[in-house]
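Here is the structure we will look at.
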Amino acid sequence: MPERLAGMPLDLWTPLLVLWMALPPCAPAAPTGPGPVFLGRPPLEPSRLSDEQRVLNRSKRGWVWNQMFVLEEFSGPEPILVGRLHTDLDPGSKKIKYILSGDGAGTIFQINDITGDIHAIKRLDREEKAEYTLTAQAVDWETNKPLEPPSEFIIKVQDINDNAPEFLNGPYHATVPEMSILGTSVTNVTATDADDPVYGNSAKLVYSILEGQPYFSIEPETAIIKTALPNMDREAKEEYLVVIQAKDMGGHSGGLSGTTTLTVTLTDVNDNPPKFAQSLYHFSVPEDVVLGTAIGRVKANDQDIGENAQSSYDIIDGDGTALFEITSDAQAQDGIIRLRKPLDFETKKSYTLKVEAANVHVDPRFSSRGPFKDTATVKIVVEDADEPPVFSSPTYLLEVHENAALNSVIGQVTARDPDITSSPIRFSIDRHTDLERQFNINADDGKITLATPLDRELSVWHNITIIATEIRNHSQISRVPVAIKVLDVNDNAPEFASEYEAFLCENGKPGQVIQTVSAMDKDDPKNGHYFLYSLLPEMVNNPNFTIKKNEDNSLSILAKHNGFNRQKQEVYLLPIIISDSGNPPLSSTSTLTIRVCGCSSDGVVQSCNVEAYVLPIGLSMGALIAILACIILLLVIVVLFVTLRRHKNEPLIIKDDEDVRENIIRYDDEGGGEEDTEAFDIATLQNPDGVSGLAPRRDVKPELQLLPRRGPGAGPGGVDVDEFISVRLHEADSDPAAPPYDSIQVYGYEGRGSAAGSLSSLGSGASDSDQSFDYLSDWGPRFQRLGELYAGGAADADT
């Protein structure tokens with residue numbers, strides 16, 4: 001025993017673990033329990049050192065560190081001793097002080113700075129922190145100077161079984177197919193234990209089933225749940241609850257345990273066939289039911305669910321397989337019987353069908369259980385109903401020539417009442433389909449006649465609807481479409497396909513094709529169109545042109561010679577007779593206009609007008625038009641300029657020495673028209689016979705009231721117009737009171753002796769009575785336009 005332990009009390013020897021230099025520096029000793037650990041080594045004796053060791057000897061640390069251990073969850077009245085620190089430099093004179101730092105130093109672990117004893121002063125939990133790293137250092141007691149460099153060491157917390165297993169993902173749910181064999185894997189579960197899995201059996205778990213037997217079993221170590229019974233039936237029981245336990249300490253007594261639940265659901269497989277609820281079904285249906293109508297439903301029940309319960313329905317036998325069909329409803333899982341063809345009570349009154357229901361998805365593993373199908377019988381009774389008339393054909397196609405005579409029969413439709421009573425039928429045309437009323441029908445026998453002429457070129461097809469109505473029951477109506485095709489007859493003569501205009505070059509060659517024309521015919525012969533072309537008989541020997549028929553039914557016009565001159569003749573008219581191949585053939589004459597033009601050397605048309613000869617050489621028509629437009633524009637500008645200068649030089653004030661009667665003053669403002677009766681008194685001018693005196697002028701207010709002027713008396717033979725004008729001129733010249741504002745005297749008197757009276761409108765504004773101009777329409781065609789104008793004006797005035 002080393003000398004360092006001689007003074008140590010005997011009660012500390014048992015928990016003491018001495019680590020010698022012979023042990024590996026990193027190999028921890030396995031303590032039997034908590035207690036101090038002495039870390040140190042005695043100095044080697046020099047006699048034991050080899051020569052090599054003496055040569056390689058170096059300065060070494062005075063102590064050796066290793067791991068210390070302390071039990072978790074230790075709770076005693078006194079702090080627990082973890083270990084003791086000691087250095088070879090300590091002579092026992094108490095001049096060395098030990099210092100501890102690092103994880104938990106001072107709070108969890110305390111050191112006696114004189115003896116180096118380390119105590120745990122708090123309860124430790126390995127699951128919170130498994131180890132602590134600390135640093136120890138020896139310093140001089142008086143000077144606090146380090147005697148050796150600091151060294152690290154680890155204190156590990158030893159585990160105890162203080163945590164029960166837990167199922168973190170529980171509760172669990174799993175599925176397994178029904179009818180599974182023994183030992184089919186269902187699922188596996190996992191429990192965790194927070195204790196140390198390396199030290200002891202604290203984290204060694206064993207699994208077992210507390211509830212759920214004898215249906216399921218579990219592997220103790222892997223926790224795999226399997227079926228313990230074969231052929232479990234979902235239809236008998238669908239869901240199972242299994243309680244699973246996990247126990248640590250290898251399942252031995254004293255271990256901690258945890259539980260969880262597992263819900264196992266059996267999934268469905270197709271292990272049950274469909275079964276009809278009844279073996280015989282009865283349905284009734286009226287004979288006039290619409291095609292596709294559902295007559296009835298049959299259903300085969302299946303204990304399975306989902307797609308395993310899906311069944312398909314078929315009619316496998318019976319006397320109505322051609323009239324009825326059955327379809328499957330995926331939602332309701334039943335079969336729907338529908339009508340495929342019309343029923344007739346008078347022909348057959350009942351039908352019998354054999355219906356089969358079979359699973360869609362069959363599992364071959366259960367084929368030994370028998371066929372997964374079932375059959376049932378369906379009886380369908382047809383009920384009598386009042387049916388509408390039935391036409392002998394669902395559609396009719398009639399043909400008629402476009403030149404058919406009116407009221408001629410073009411076809412016939414027939415219909416009958418399918419009922420036993422057999423009501424008479426009345427026919428009519430739906431006029432919504434024959435708006436132009438081109439056809440009529442005999443109400444009794446259904447014969448269709450022509451009401452208006454037909455024209456194939458306007459419409460080839462006529463589609464009408466014939467209505468058949470029972471006389472005894474007008475609600476029973478049937479309709480049938482009738483298509484009438486108009487056949488062609490040769491009633492249109494051929495003509496040019498378009499308006500042709502040919503151009504002939506002056507420098508053209510003989511035999512050159514001037515123009516190729518084609519013809520068109522509105523008719524449509526069965527063998528197609530074939531046209532014959534010819535010139536008029538008097539133009540057969542035309543010296544200028546000839547024609548040539550082409551294979552494509554067109555016609556080419558050729559020039560017979562050259563040297564055409566547009567100055568001599570600019571345009572040639574060539575009449576051409578076009579005949580068709582109809583029976584009887586029709587023909588028409590079309591005229592082709594051929595214009596002589598100037599062309600370039602390569603035959604490109606340049607000009608077709610005779611005026612082109614008078615144009616300057618090298619000057620085009622567009623350039624000439626532009627030059628003329630410029631000249632006209634200049635002339636207009638000059639005229640406007642001269643007019644403005646003339647207006648500018650006219651004096652606005654009349655000089656005193658000028659005779660105002662020799663000047664004509666123009667006024668630009670318009671008067672009030674016929675309704676303006678304030679400016680002039682024109683009553684005197686209308687009838688000089690009624691003038692009793694001189695009326696004052698109203699254009700200028702006179703300073704002195706003039707004496708009335710006497711007009712010439714009217715003789716029995718009328719008034720001399722020349723004398724009347726001379727008198728008025730004399731009065732105007734000799735009147736000193738009025739300035740000459742009105743130098744032009746307007747006279748509306750027209751003399752006497754006209755049977756029509758005065759045509760002047762000057763008196764219309766002064767007349768109190770409405771004037772009528774209807775008499776103008778009696779004067780003949782020359783006055784018709786005048787009468788319309790005056791009649792319109794009078795109507796506008798009244799409005």
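Naming scheme: A, B, ... for chains in displayed order of the structure tokens; residues 1 onward per chain; ligands 1 onward as shown.
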
Contacts of Ile96 in chain A at 7 Å or less, counting only C-alpha atoms, minus same-chain residues fewer than 3 places along, as an mmCIF file with C-alpha atoms, in the first residue's frame?
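Once everything was written out, this is around29.cif:
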```cif
data_model
loop_
_atom_site.group_PDB
_atom_site.id
_atom_site.type_symbol
_atom_site.label_atom_id
_atom_site.label_comp_id
_atom_site.auth_asym_id
_atom_site.auth_seq_id
_atom_site.Cartn_x
_atom_site.Cartn_y
_atom_site.Cartn_z
ATOM 1 C CA ASP A 90 1.767 17.956 -2.137
ATOM 2 C CA ILE A 114 -7.112 21.424 1.197
ATOM 3 C CA ALA A 138 -3.171 22.880 -7.880
ATOM 4 C CA VAL A 139 -1.911 26.345 -6.786
ATOM 5 C CA ASP A 140 0.284 27.632 -4.019
ATOM 6 C CA TRP A 141 -1.736 28.393 -0.895
#
```

Do you know which residues are at most 10 Å from range 199-212 of chain A counting only C-alpha atoms, after dropping those on the same chain fewer than 5 positions away, and could you put them as JSON, numbers by chain?
{"A": [158, 159, 160, 161, 162, 163, 164, 165, 189, 190, 191, 192, 193, 194, 217, 218, 219, 220, 221, 222, 223, 224, 225, 228, 240, 241, 242, 243, 244, 245, 246, 247, 248, 249, 250, 251, 252, 255, 256, 257, 258, 259, 260, 261, 262, 263, 264]}

Could you give me, as a count of residues only, the residues within 9 Å of Ile316 in chain A, counting only C-alpha atoms and dropping anything in the same chain fewer than 3 positions from it?
5

Taking the DSSP secondary structure from the backbone, can you list the residues of range 256-477 of chain A that are helix (DSSP H, G or I), as a VMD selection string?
chain A and resid 306 to 309 364 to 369 431 to 433

Which residues come within 12 Å of Asp314 in chain A, counting only C-alpha atoms, excluding same-chain residues fewer than 5 positions away, as JSON, numbers by chain?
{"A": [298, 321, 324, 325, 326, 327, 328, 334, 335, 336, 337, 338, 353, 354, 355, 356, 357, 358, 359, 373, 374, 375, 376, 377, 378]}

Report as a ChimeraX atom specification: the residues of range 276-359 of chain A with a DSSP assignment of strand (DSSP E), based on the backbone of this structure.
/A:276,280-286,294-298,300-301,311-318,324-329,334-339,350-359
